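Shown next, in structure tokens, is the structure this report addresses.
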Amino acid sequence: MTTAAALRPELRDPLARRRLALAITALVVLWPLLRLSDFRPATLFDPVNLHVMATFVAGFLPPSTTPEFLGFLLTATLQTLAMATAGMALAFVVALPLALVATRSLSIAAVGPADGRWRGRVLRQAVRVGMVLLRSVPEVVWALMFVRALGLGPAAGVLALAITYGGMLAKVYAEILESADARPARALLAAGSGRVGALCFGLLPLAAQELVSYTVYRWECAVRAAVVMGFVGAGGLGQLLDQSLKMLSGGEVSSIALVFLALVFLADAISLVLRKVLA
Amino acid sequence: MSLRLEQVGVVHANGRRALAAVDLAVAAGTRVALIGPSGAGKTTLLRVAAASLRPTEGRVALLDAQPWALGARALRSLRSRVGVVHQAPPIPPRLRVVSAVLAGRLGQWGLARALRSWVAPADAAGARDALARVGLAERLFDRCDQLSGGQLQRVAVARTLYQSPRLLLADEPVSALDAATADAVLRELVDYSTAAGATFVASLHAVDLALRWFPRVVGVRDGRVMFDLPAADVTPERLAALYAGDLAQEGERPVEESGHGATPPLASA
């Protein structure tokens, strides 16, 4: 094959060399990173380690079902769900105006282009930088700060989620909106419509499904983040898991893990139903 | 004057020149057809006339205003009085027909009304009236992806009629329609412009339609105005010169129709 291509230079794929170079570069970059992260999968299968893991996992069975613990579990689950949902709702409120400004296809000044386009470009860049700042600090770090300020409990987690997820939602909303066909929105802007009108009647009908499934997926991530923030004192399932782990009660840990599983299934089902409704 | 272009030139960002030294004045309430081979600059000319493309040279005035000297708010208000029928209907397939039509007045509505209409159609009766003019009244609450391409274009026409613009621009509005529907849709646009006293400028690739519905015909080629004549003076020789070398047009152009005042061959629906 290679020799045939060498014989007939006009048949040689002009992109082949670049692709090969990219693949080699990726490997060269990846290898030191794996070494740096101490990634040695062989140690997982070391007999001693396998035995330790087996005892650890065996301790998880059977899942704890004492009524008292189930009561705690229910309260903690509701608290985590509330934290995630309230955090997402606030994040949505933060993200919506940012995405509206950051989406290039909704720029009125780009039609023409009119004189305001430089101002628009500067504003859009400023908003993008703002979005980066919001999401650059992990939510658990924010949570640690807010726990100091507001005391232990889910309120700290809600604020932490609102900030980081606000930035994330805004970025991805803007990118989803920009990857939709811009012509309907441009036509509306060219007929004098404002941004919000062009969004509602031009872009949303094209992008609604993707926006909704991303939002539900982010809600699912927010549930997991709410669990992690529980470890730093934001309450909910995370705090419960922290206690159970510290008390070495594996049965409780596995009950909590089953709740995680159920929550992810729930998010998946919600996403599926909403996509069907919007199809 | 509804529309006045003076020495207008457009050079696109990629360096390609689309228009050169175009002079065109269209009096209020009159109708003008733009004809010419594909790539002649008709679409660019209409975009300049719609204040959606800023020319790189020359001066533009529409509806007695200079769009590129206006502030953002005034420009939006001016644009809301200019209606454009695009060659490909710019309507998202998942939108319902009623919303697609009502979106025509977004430029005249405030934010509150736009949002309210997004939740529930603000003026279903008005949308239905506009749809009735293009023969689609019964599709009011259907989704646009249930329509054929031709029907979708008629929805786009209904949107522009609902906008009730002072200056009506149409870029190949009927090229996707069958002959009878094309004629009927042009009749609706002409009737609207006559009844509302609105100016109507359309580019058409079917020369017979241009000559039948427009008293004045402008021939465009290579970004320049080749002729600007009453329809009666557009002779087959001028058409042959206008379209010389244009493969797409040669076969399609009905030669016997390129004379003046010929009987319409199409049944008007």
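In the structure tokens, chains take the letters A, B, ... in the order shown, each chain's residues start at 1, and ligands count up from 1 in the order shown.
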Distance table requested - chain B against chain A, cut-off 7 Å, only C-alpha atoms: one row per qualifying residue with the closest atom pair and its distance in Å to one decimal, ordered by chain and rising residue number, as JSON lines.
{"residue": "B:Ala51", "atom": "CA", "partner": "A:Gly112", "partner_atom": "CA", "distance": 6.8}
{"residue": "B:Ser52", "atom": "CA", "partner": "A:Gly112", "partner_atom": "CA", "distance": 4.8}
{"residue": "B:Leu53", "atom": "CA", "partner": "A:Gly112", "partner_atom": "CA", "distance": 4.1}
{"residue": "B:Arg54", "atom": "CA", "partner": "A:Gly112", "partner_atom": "CA", "distance": 4.7}
{"residue": "B:Trp68", "atom": "CA", "partner": "A:Ala114", "partner_atom": "CA", "distance": 6.9}
{"residue": "B:Arg76", "atom": "CA", "partner": "A:Gly192", "partner_atom": "CA", "distance": 4.3}
{"residue": "B:Ser77", "atom": "CA", "partner": "A:Gly192", "partner_atom": "CA", "distance": 6.1}
{"residue": "B:Arg79", "atom": "CA", "partner": "A:Gly192", "partner_atom": "CA", "distance": 4.8}
{"residue": "B:Ser80", "atom": "CA", "partner": "A:Gly192", "partner_atom": "CA", "distance": 4.5}
{"residue": "B:Val82", "atom": "CA", "partner": "A:Ala191", "partner_atom": "CA", "distance": 6.7}
{"residue": "B:Gly83", "atom": "CA", "partner": "A:Ala191", "partner_atom": "CA", "distance": 6.6}
{"residue": "B:Pro90", "atom": "CA", "partner": "A:Pro184", "partner_atom": "CA", "distance": 4.4}
{"residue": "B:Ile91", "atom": "CA", "partner": "A:Pro184", "partner_atom": "CA", "distance": 5.5}
{"residue": "B:Pro92", "atom": "CA", "partner": "A:Leu206", "partner_atom": "CA", "distance": 6.1}
{"residue": "B:Arg94", "atom": "CA", "partner": "A:Pro205", "partner_atom": "CA", "distance": 5.5}
{"residue": "B:Leu95", "atom": "CA", "partner": "A:Pro205", "partner_atom": "CA", "distance": 5.8}
{"residue": "B:Ala103", "atom": "CA", "partner": "A:Phe201", "partner_atom": "CA", "distance": 6.6}
{"residue": "B:Leu106", "atom": "CA", "partner": "A:Ser193", "partner_atom": "CA", "distance": 4.9}
{"residue": "B:Gly107", "atom": "CA", "partner": "A:Ser193", "partner_atom": "CA", "distance": 4.0}
{"residue": "B:Ala114", "atom": "CA", "partner": "A:Gly197", "partner_atom": "CA", "distance": 5.9}
{"residue": "B:Trp118", "atom": "CA", "partner": "A:Cys200", "partner_atom": "CA", "distance": 6.7}
Considering only C-alpha atoms, return as a ChimeraX atom specification whatever protein or nucleic-acid residues lie within 9 Å of A:Met131, sequence-local ones (same chain, fewer than 4 positions apart) excluded. /A:95,98,126-127,135-136,164,166-168,170-171
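Each of B:Glu237, B:Glu172, B:Glu138, B:Asp228 was compared to B:Arg216 using only C-alpha atoms, and B:Asp228 turns out to be the nearest.
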Selection: 10 Å around A:Ala82, only C-alpha atoms, excl. self and same-chain fewer than 4 positions, as a PyMOL selection string: chain A and resi 76-78+86-88+154-155+158+223+226+236
Rounded to one decimal place, report the atom CA of B:Val26-atom CA of B:Asp183 distance in Å. 23.2 Å
Neighbours of A:Ala267 within 8 Å (only C-alpha atoms; same-chain residues fewer than 5 positions away dropped), as a compact mmCIF listing (two decimals) with N, CA, C and O atoms, in the first residue's frame?
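After the write, result_35.txt holds the following:
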# COMPACT_ATOMS: atom_id res chain seq x y z
N VAL A 216 -29.73 19.13 31.99
CA VAL A 216 -30.04 18.01 32.88
C VAL A 216 -28.77 17.26 33.25
O VAL A 216 -28.58 16.85 34.40
N TYR A 217 -27.85 17.11 32.27
CA TYR A 217 -26.58 16.46 32.57
C TYR A 217 -25.82 17.25 33.63
O TYR A 217 -25.22 16.68 34.55
N TRP A 219 -27.14 19.11 35.87
CA TRP A 219 -27.83 18.91 37.14
C TRP A 219 -27.33 17.62 37.79
O TRP A 219 -27.07 17.58 38.99
N GLU A 220 -27.16 16.60 36.95
CA GLU A 220 -26.62 15.33 37.44
C GLU A 220 -25.22 15.57 38.04
O GLU A 220 -24.91 15.08 39.13
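Atom pair atom CA of B:Asn14 / atom CA of B:Gly58: separated by 19.4 Å.
The two atoms in question, atom CA of A:Leu74 and atom CA of A:Gly233, are spaced 17.9 Å apart.
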Any idea what's packed within 12 Å of B:Ala132, counting only C-alpha atoms, ignoring anything in its chain fewer than 6 positions away? Could you give it as a PyMOL selection string? chain B and resi 98+101+125-126+138-140+154-155+157-159+161-162+185+188
Please extract the residues of stretch 149-260 of chain B with a backbone DSSP assignment of alpha helix (DSSP H) and present them as a PyMOL selection string. chain B and resi 149-163+179-196+207-213+236-243+247-250
Could you tell me, as number ranges by chain, which residues of stretch 84-250 of chain B DSSP assigns to strand (DSSP E or B) when given the backbone? B: 84-85, 96, 143, 167-171, 199-203, 216-221, 224-230
